[in-house]
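One file, structure24.cif, is given below (mmCIF, C-alpha atoms).
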```
data_target
#
loop_
_atom_site.label_atom_id
_atom_site.label_comp_id
_atom_site.auth_asym_id
_atom_site.auth_seq_id
_atom_site.Cartn_x
_atom_site.Cartn_y
_atom_site.Cartn_z
CA MET A 1 89.73 -12.64 176.43
CA ASN A 2 86.30 -13.69 177.65
CA GLN A 3 84.69 -17.00 178.36
CA ILE A 4 81.55 -18.22 176.67
CA GLY A 5 79.18 -17.13 179.44
CA GLU A 6 80.35 -13.53 179.37
CA VAL A 7 80.23 -13.36 175.57
CA SER A 8 76.77 -14.92 175.56
CA LYS A 9 75.48 -12.29 177.98
CA ARG A 10 77.16 -9.37 176.28
CA LEU A 11 76.00 -10.21 172.78
CA GLY A 12 72.65 -11.73 173.68
CA LEU A 13 73.50 -15.02 172.01
CA SER A 14 72.90 -18.32 173.71
CA ILE A 15 75.78 -20.56 174.59
CA TYR A 16 74.27 -23.18 172.28
CA THR A 17 74.30 -20.70 169.42
CA LEU A 18 77.94 -19.84 170.06
CA ARG A 19 78.88 -23.50 170.05
CA TYR A 20 76.79 -24.09 166.93
CA TYR A 21 78.49 -21.26 165.03
CA GLU A 22 81.82 -22.84 165.86
CA LYS A 23 80.58 -26.26 164.77
CA ILE A 24 79.43 -25.05 161.34
CA GLY A 25 82.55 -23.01 160.77
CA LEU A 26 81.21 -19.47 161.15
CA LEU A 27 83.46 -18.97 164.11
CA PRO A 28 86.47 -21.17 163.62
CA HIS A 29 89.57 -21.43 165.79
CA VAL A 30 88.11 -20.32 169.11
CA ALA A 31 90.96 -20.55 171.57
CA ARG A 32 90.85 -22.69 174.68
CA ASN A 33 92.26 -21.96 178.09
CA PRO A 34 94.27 -24.60 179.96
CA SER A 35 91.02 -25.96 181.40
CA GLY A 36 89.68 -26.48 177.91
CA ALA A 37 87.06 -23.72 178.17
CA ARG A 38 86.52 -21.52 175.16
CA VAL A 39 87.98 -18.03 175.35
CA TYR A 40 86.94 -15.40 172.85
CA ASP A 41 89.12 -12.52 171.80
CA ASP A 42 88.13 -9.17 170.26
CA ASN A 43 88.29 -10.59 166.73
CA ASP A 44 85.90 -13.36 167.66
CA GLU A 45 83.45 -10.87 169.15
CA SER A 46 83.75 -8.62 166.13
CA ARG A 47 82.97 -11.61 163.91
CA LEU A 48 79.97 -12.49 166.06
CA ARG A 49 78.63 -8.95 165.80
CA PHE A 50 79.01 -9.16 162.03
CA ILE A 51 77.01 -12.39 162.03
CA GLN A 52 74.29 -10.77 164.16
CA ARG A 53 74.01 -7.76 161.86
CA ALA A 54 73.82 -9.99 158.80
CA GLN A 55 71.17 -12.15 160.43
CA ARG A 56 69.08 -9.09 161.21
CA MET A 57 69.14 -8.44 157.47
CA LYS A 58 67.73 -11.96 157.04
CA PHE A 59 70.85 -13.31 155.34
CA SER A 60 71.08 -17.10 155.54
CA LEU A 61 73.87 -18.73 157.51
CA ALA A 62 75.32 -20.04 154.24
CA GLU A 63 75.40 -16.51 152.84
CA ILE A 64 76.91 -15.23 156.05
CA GLY A 65 79.59 -17.86 155.78
CA GLN A 66 80.51 -16.56 152.33
CA LEU A 67 80.47 -12.96 153.49
CA LEU A 68 82.82 -13.94 156.28
CA GLU A 69 85.19 -15.36 153.66
CA MET A 70 85.08 -11.94 152.03
CA ARG A 71 85.68 -10.32 155.38
CA ASP A 72 88.67 -12.51 156.09
CA ASN A 73 90.41 -12.05 152.74
CA PRO A 74 88.73 -9.54 150.47
CA GLN A 75 91.50 -9.33 147.88
CA ASN A 76 91.69 -13.07 147.25
CA VAL A 77 88.12 -14.19 147.48
CA ARG A 78 86.33 -16.19 144.76
CA ARG A 79 84.40 -14.36 142.09
CA ASP A 80 81.05 -15.79 143.21
CA VAL A 81 81.67 -14.61 146.76
CA ARG A 82 82.51 -11.15 145.51
CA ALA A 83 79.28 -11.18 143.47
CA LEU A 84 77.26 -12.24 146.49
CA THR A 85 78.80 -9.44 148.52
CA ARG A 86 77.80 -6.92 145.86
CA ARG A 87 74.23 -8.24 145.80
CA LYS A 88 73.96 -8.09 149.55
CA LEU A 89 75.34 -4.58 149.55
CA ALA A 90 72.64 -3.56 147.05
CA GLU A 91 69.98 -5.16 149.28
CA ILE A 92 71.26 -3.23 152.27
CA GLU A 93 71.24 0.03 150.36
CA ASP A 94 67.63 -0.53 149.28
CA HIS A 95 66.75 -1.36 152.86
CA LEU A 96 68.46 1.80 154.10
CA GLU A 97 66.46 3.85 151.64
CA GLU A 98 63.22 2.29 152.84
CA LEU A 99 64.21 2.85 156.45
CA THR A 100 65.12 6.46 155.74
CA THR A 101 61.72 7.07 154.16
CA LEU A 102 60.00 5.45 157.10
CA ARG A 103 62.11 7.43 159.54
CA ASN A 104 61.27 10.68 157.79
CA GLU A 105 57.57 9.84 157.78
CA LEU A 106 57.57 9.04 161.49
CA ARG A 107 59.58 12.15 162.24
CA LEU A 108 57.02 14.23 160.36
CA LEU A 109 54.13 12.56 162.18
CA ILE A 110 55.77 13.22 165.56
CA ASN A 111 56.22 16.86 164.60
CA LEU A 112 52.56 17.09 163.65
CA CYS A 113 51.65 15.84 167.14
CA VAL A 114 53.97 18.36 168.74
CA ASN A 115 52.39 21.20 166.81
CA ALA A 116 48.96 20.20 168.02
CA GLU A 117 49.94 19.81 171.65
CA ARG A 118 51.85 22.96 172.39
CA GLY A 119 51.68 26.52 171.26
CA CYS A 120 52.74 27.30 167.76
CA PRO A 121 55.90 29.45 167.89
CA ILE A 122 55.28 30.84 164.46
CA ILE A 123 52.13 32.57 165.66
CA GLU A 124 54.07 35.27 167.47
CA ASP A 125 55.98 35.91 164.32
CA LEU A 126 52.79 36.14 162.29
CA GLU A 127 51.16 38.47 164.76
CA GLN A 128 54.15 40.76 164.74
CA ALA A 129 55.14 40.64 161.09
CA PRO A 130 54.08 43.47 158.79
CA SER A 131 51.49 42.46 156.20
CA GLY A 132 53.74 43.35 153.33
CA ARG A 133 50.98 45.22 151.57
CA ARG A 134 51.97 47.73 148.93
CA MET B 1 53.80 34.44 128.32
CA SER B 2 54.19 35.51 131.96
CA VAL B 3 55.83 33.19 134.43
CA LYS B 4 53.57 31.40 136.87
CA ILE B 5 54.54 29.46 139.94
CA GLN B 6 52.78 27.04 142.26
CA VAL B 7 53.14 27.25 146.00
CA GLU B 8 52.25 24.34 148.24
CA LEU B 9 51.84 24.85 151.95
CA PHE B 10 52.25 21.76 154.09
CA ALA B 11 50.32 22.29 157.27
CA SER B 12 49.20 20.14 160.13
CA GLY B 13 45.60 19.09 159.87
CA ASP B 14 45.22 19.37 163.62
CA CYS B 15 46.95 22.70 164.00
CA ALA B 16 44.31 25.39 163.82
CA ARG B 17 47.04 27.99 164.21
CA CYS B 18 48.61 26.90 160.92
CA GLU B 19 45.55 28.41 159.28
CA GLN B 20 47.08 31.79 160.10
CA VAL B 21 50.05 30.87 157.93
CA ASN B 22 47.66 29.93 155.19
CA LEU B 23 45.88 33.29 155.45
CA GLN B 24 49.16 35.17 155.47
CA LEU B 25 50.32 33.26 152.40
CA LYS B 26 47.08 34.04 150.59
CA ARG B 27 47.46 37.73 151.38
CA ILE B 28 50.98 37.74 149.96
CA ILE B 29 49.82 35.96 146.81
CA GLU B 30 46.92 38.36 146.41
CA ASP B 31 49.31 41.28 146.73
CA ILE B 32 51.57 39.86 144.03
CA GLY B 33 48.45 39.62 141.92
CA ASN B 34 47.65 38.82 138.28
CA GLY B 35 47.17 35.14 139.04
CA ARG B 36 50.89 34.59 138.76
CA VAL B 37 51.05 32.49 141.90
CA THR B 38 48.73 29.60 142.62
CA CYS B 39 48.58 28.05 146.02
CA ARG B 40 47.28 24.90 147.59
CA GLN B 41 47.31 23.79 151.17
CA ILE B 42 48.11 20.20 151.98
CA LEU B 43 46.77 19.20 155.35
CA LEU B 44 48.97 16.43 156.66
CA PRO B 45 48.73 13.51 157.15
CA ASP B 46 46.95 13.69 153.76
CA GLU B 47 49.40 13.16 150.89
CA ILE B 48 52.06 12.14 153.36
CA ASP B 49 53.99 10.12 150.78
CA TYR B 50 54.34 13.21 148.64
CA ALA B 51 55.39 15.31 151.62
CA VAL B 52 58.03 12.80 152.71
CA ALA B 53 59.33 12.45 149.14
CA LEU B 54 59.78 16.24 149.02
CA GLY B 55 61.66 16.20 152.32
CA VAL B 56 59.02 17.72 154.57
CA LEU B 57 59.86 16.94 158.18
CA ALA B 58 57.79 19.49 160.03
CA THR B 59 55.01 21.96 159.46
CA PRO B 60 54.55 24.52 158.17
CA SER B 61 56.78 23.84 155.19
CA ILE B 62 56.51 25.55 151.83
CA ALA B 63 57.33 24.15 148.42
CA VAL B 64 57.52 26.16 145.22
CA ASP B 65 57.04 24.33 141.93
CA GLY B 66 57.60 20.99 143.58
CA GLU B 67 60.76 21.97 145.40
CA LEU B 68 60.87 22.30 149.18
CA VAL B 69 62.02 25.85 149.78
CA PHE B 70 61.14 26.58 153.40
CA THR B 71 61.12 24.07 156.23
CA SER B 72 59.57 26.54 158.64
CA TRP B 73 57.65 29.81 158.40
CA PRO B 74 60.17 32.20 156.84
CA GLY B 75 58.35 35.38 157.67
CA ALA B 76 56.16 37.36 155.32
CA GLN B 77 58.89 39.56 153.86
CA ARG B 78 61.27 36.74 153.07
CA LEU B 79 58.53 34.64 151.56
CA ARG B 80 57.33 37.51 149.42
CA ARG B 81 60.87 38.25 148.25
CA THR B 82 61.43 34.61 147.34
CA LEU B 83 58.23 34.38 145.35
CA LEU B 84 59.02 37.57 143.44
CA GLU B 85 62.51 36.26 142.67
CA ARG B 86 61.00 33.07 141.29
CA LEU B 87 58.65 35.08 139.12
CA SER B 88 61.31 37.26 137.62
#
```
Please express the file's structure as structure tokens.
Amino acid sequence: MNQIGEVSKRLGLSIYTLRYYEKIGLLPHVARNPSGARVYDDNDESRLRFIQRAQRMKFSLAEIGQLLEMRDNPQNVRRDVRALTRRKLAEIEDHLEELTTLRNELRLLINLCVNAERGCPIIEDLEQAPSGRR
Amino acid sequence: MSVKIQVELFASGDCARCEQVNLQLKRIIEDIGNGRVTCRQILLPDEIDYAVALGVLATPSIAVDGELVFTSWPGAQRLRRTLLERLS
């Protein structure tokens, strides 16, 4: 169990943001210690990481709220929430495809630089290989 | 009608040494003869979208009929054998 300051530092979320998420219901039922200070357990931190990942995908807080409903009770969620989850999944898969293409392009460009900077290992092979002439 | 195939060599535009691969490839194609193999060299980063779509991650890479077959120089004998297999 960790207090708000530790969680804020670890996740890179401000204390105000943590309190706000609790206020709007994204992070309900945060426990309190005898002094009244918030204490977050592993489930709370897992939920916060989920919120962060969804926000990076530019999902709105309202959408994230619905996805959290799905996360909490996937078998009994409303049809519209299930539909939203499917749409968001499709968005993520498109995004992954775009990222993969970009990654592959950058990887290729890096390899082109490497070829130019250092010796080309294939040259030794070419210089040694028979010509293959009949 | 005899089978023809197209070979595409993806090379680095800045890598003068890759020209040796190109020359070696041309010699192999000339040996095979009868115009059965056509070849074009793609000097990256030209046509990079095409290269990435094919799966090229490094140079030299060799595609045959639009399919990436070698992701590095395979050696003259192996390349020749592969081209002849594709022609048969």
- Task: Carefully work through the PyMOL selection byres ((chain A) within 6 of (chain B)) for this structure and note down the residues it includes, as a ChimeraX atom specification.
- Result: /A:105,108,111-112,116
- Task: Would you work out the distance separating atom CA of Ile42 of chain B from atom CA of Ile62 of chain B, expressed in Å to one decimal?
- Result: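 Going from atom CA of Ile42 of chain B over to atom CA of Ile62 of chain B, I get 10.0 Å.
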- Message: When the PyMOL selection byres ((chain A and resi 63) around 12) is applied to the structure above, which residues does it catch, written out as a list in words?
- Response: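 Checked against the file, the PyMOL selection byres ((chain A and resi 63) around 12) matches Leu26, Ile51, Ala54, Gln55, Met57, Lys58, Phe59, Ser60, Leu61, Ala62, Ile64, Gly65, Gln66, Leu67, Leu68, Glu69, Met70, Asp80, Val81, Arg82, Ala83, Leu84, Thr85, Arg87 and Lys88 of chain A.
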Writer output for current selection, C-alpha atoms, as a PDB file, in the coordinates of the input:
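Written file, selection.pdb:
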```pdb
ATOM      1  CA  LEU A  26      81.210 -19.470 161.150  1.00  0.00           C
ATOM      2  CA  ILE A  51      77.010 -12.390 162.030  1.00  0.00           C
ATOM      3  CA  ALA A  54      73.820  -9.990 158.800  1.00  0.00           C
ATOM      4  CA  GLN A  55      71.170 -12.150 160.430  1.00  0.00           C
ATOM      5  CA  MET A  57      69.140  -8.440 157.470  1.00  0.00           C
ATOM      6  CA  LYS A  58      67.730 -11.960 157.040  1.00  0.00           C
ATOM      7  CA  PHE A  59      70.850 -13.310 155.340  1.00  0.00           C
ATOM      8  CA  SER A  60      71.080 -17.100 155.540  1.00  0.00           C
ATOM      9  CA  LEU A  61      73.870 -18.730 157.510  1.00  0.00           C
ATOM     10  CA  ALA A  62      75.320 -20.040 154.240  1.00  0.00           C
ATOM     11  CA  ILE A  64      76.910 -15.230 156.050  1.00  0.00           C
ATOM     12  CA  GLY A  65      79.590 -17.860 155.780  1.00  0.00           C
ATOM     13  CA  GLN A  66      80.510 -16.560 152.330  1.00  0.00           C
ATOM     14  CA  LEU A  67      80.470 -12.960 153.490  1.00  0.00           C
ATOM     15  CA  LEU A  68      82.820 -13.940 156.280  1.00  0.00           C
ATOM     16  CA  GLU A  69      85.190 -15.360 153.660  1.00  0.00           C
ATOM     17  CA  MET A  70      85.080 -11.940 152.030  1.00  0.00           C
ATOM     18  CA  ASP A  80      81.050 -15.790 143.210  1.00  0.00           C
ATOM     19  CA  VAL A  81      81.670 -14.610 146.760  1.00  0.00           C
ATOM     20  CA  ARG A  82      82.510 -11.150 145.510  1.00  0.00           C
ATOM     21  CA  ALA A  83      79.280 -11.180 143.470  1.00  0.00           C
ATOM     22  CA  LEU A  84      77.260 -12.240 146.490  1.00  0.00           C
ATOM     23  CA  THR A  85      78.800  -9.440 148.520  1.00  0.00           C
ATOM     24  CA  ARG A  87      74.230  -8.240 145.800  1.00  0.00           C
ATOM     25  CA  LYS A  88      73.960  -8.090 149.550  1.00  0.00           C
TER      26      LYS A  88
END
```
9 Å contact set for Arg86 of chain B, all atoms listed in the file, chain neighbours under 6 positions out, as a PDB file with C-alpha atoms, in the frame of the given file:
```pdb
ATOM      1  CA  VAL B   3      55.830  33.190 134.430  1.00  0.00           C
ATOM      2  CA  LYS B   4      53.570  31.400 136.870  1.00  0.00           C
ATOM      3  CA  ILE B   5      54.540  29.460 139.940  1.00  0.00           C
ATOM      4  CA  VAL B  64      57.520  26.160 145.220  1.00  0.00           C
TER       5      VAL B  64
END
```
- Task: List, as a VMD selection string, every residue that the PyMOL selection byres ((chain A and resi 3) around 8) selects in the file provided.
- Result: chain A and resid 1 to 2 4 to 7 37 to 40
- Message: Rounded to one decimal, what separation in Å do you get between atom CA of Lys9 of chain A and atom CA of Gln52 of chain A?
- Response: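 One can read the atom CA of Lys9 of chain A to atom CA of Gln52 of chain A distance as 14.0 Å.
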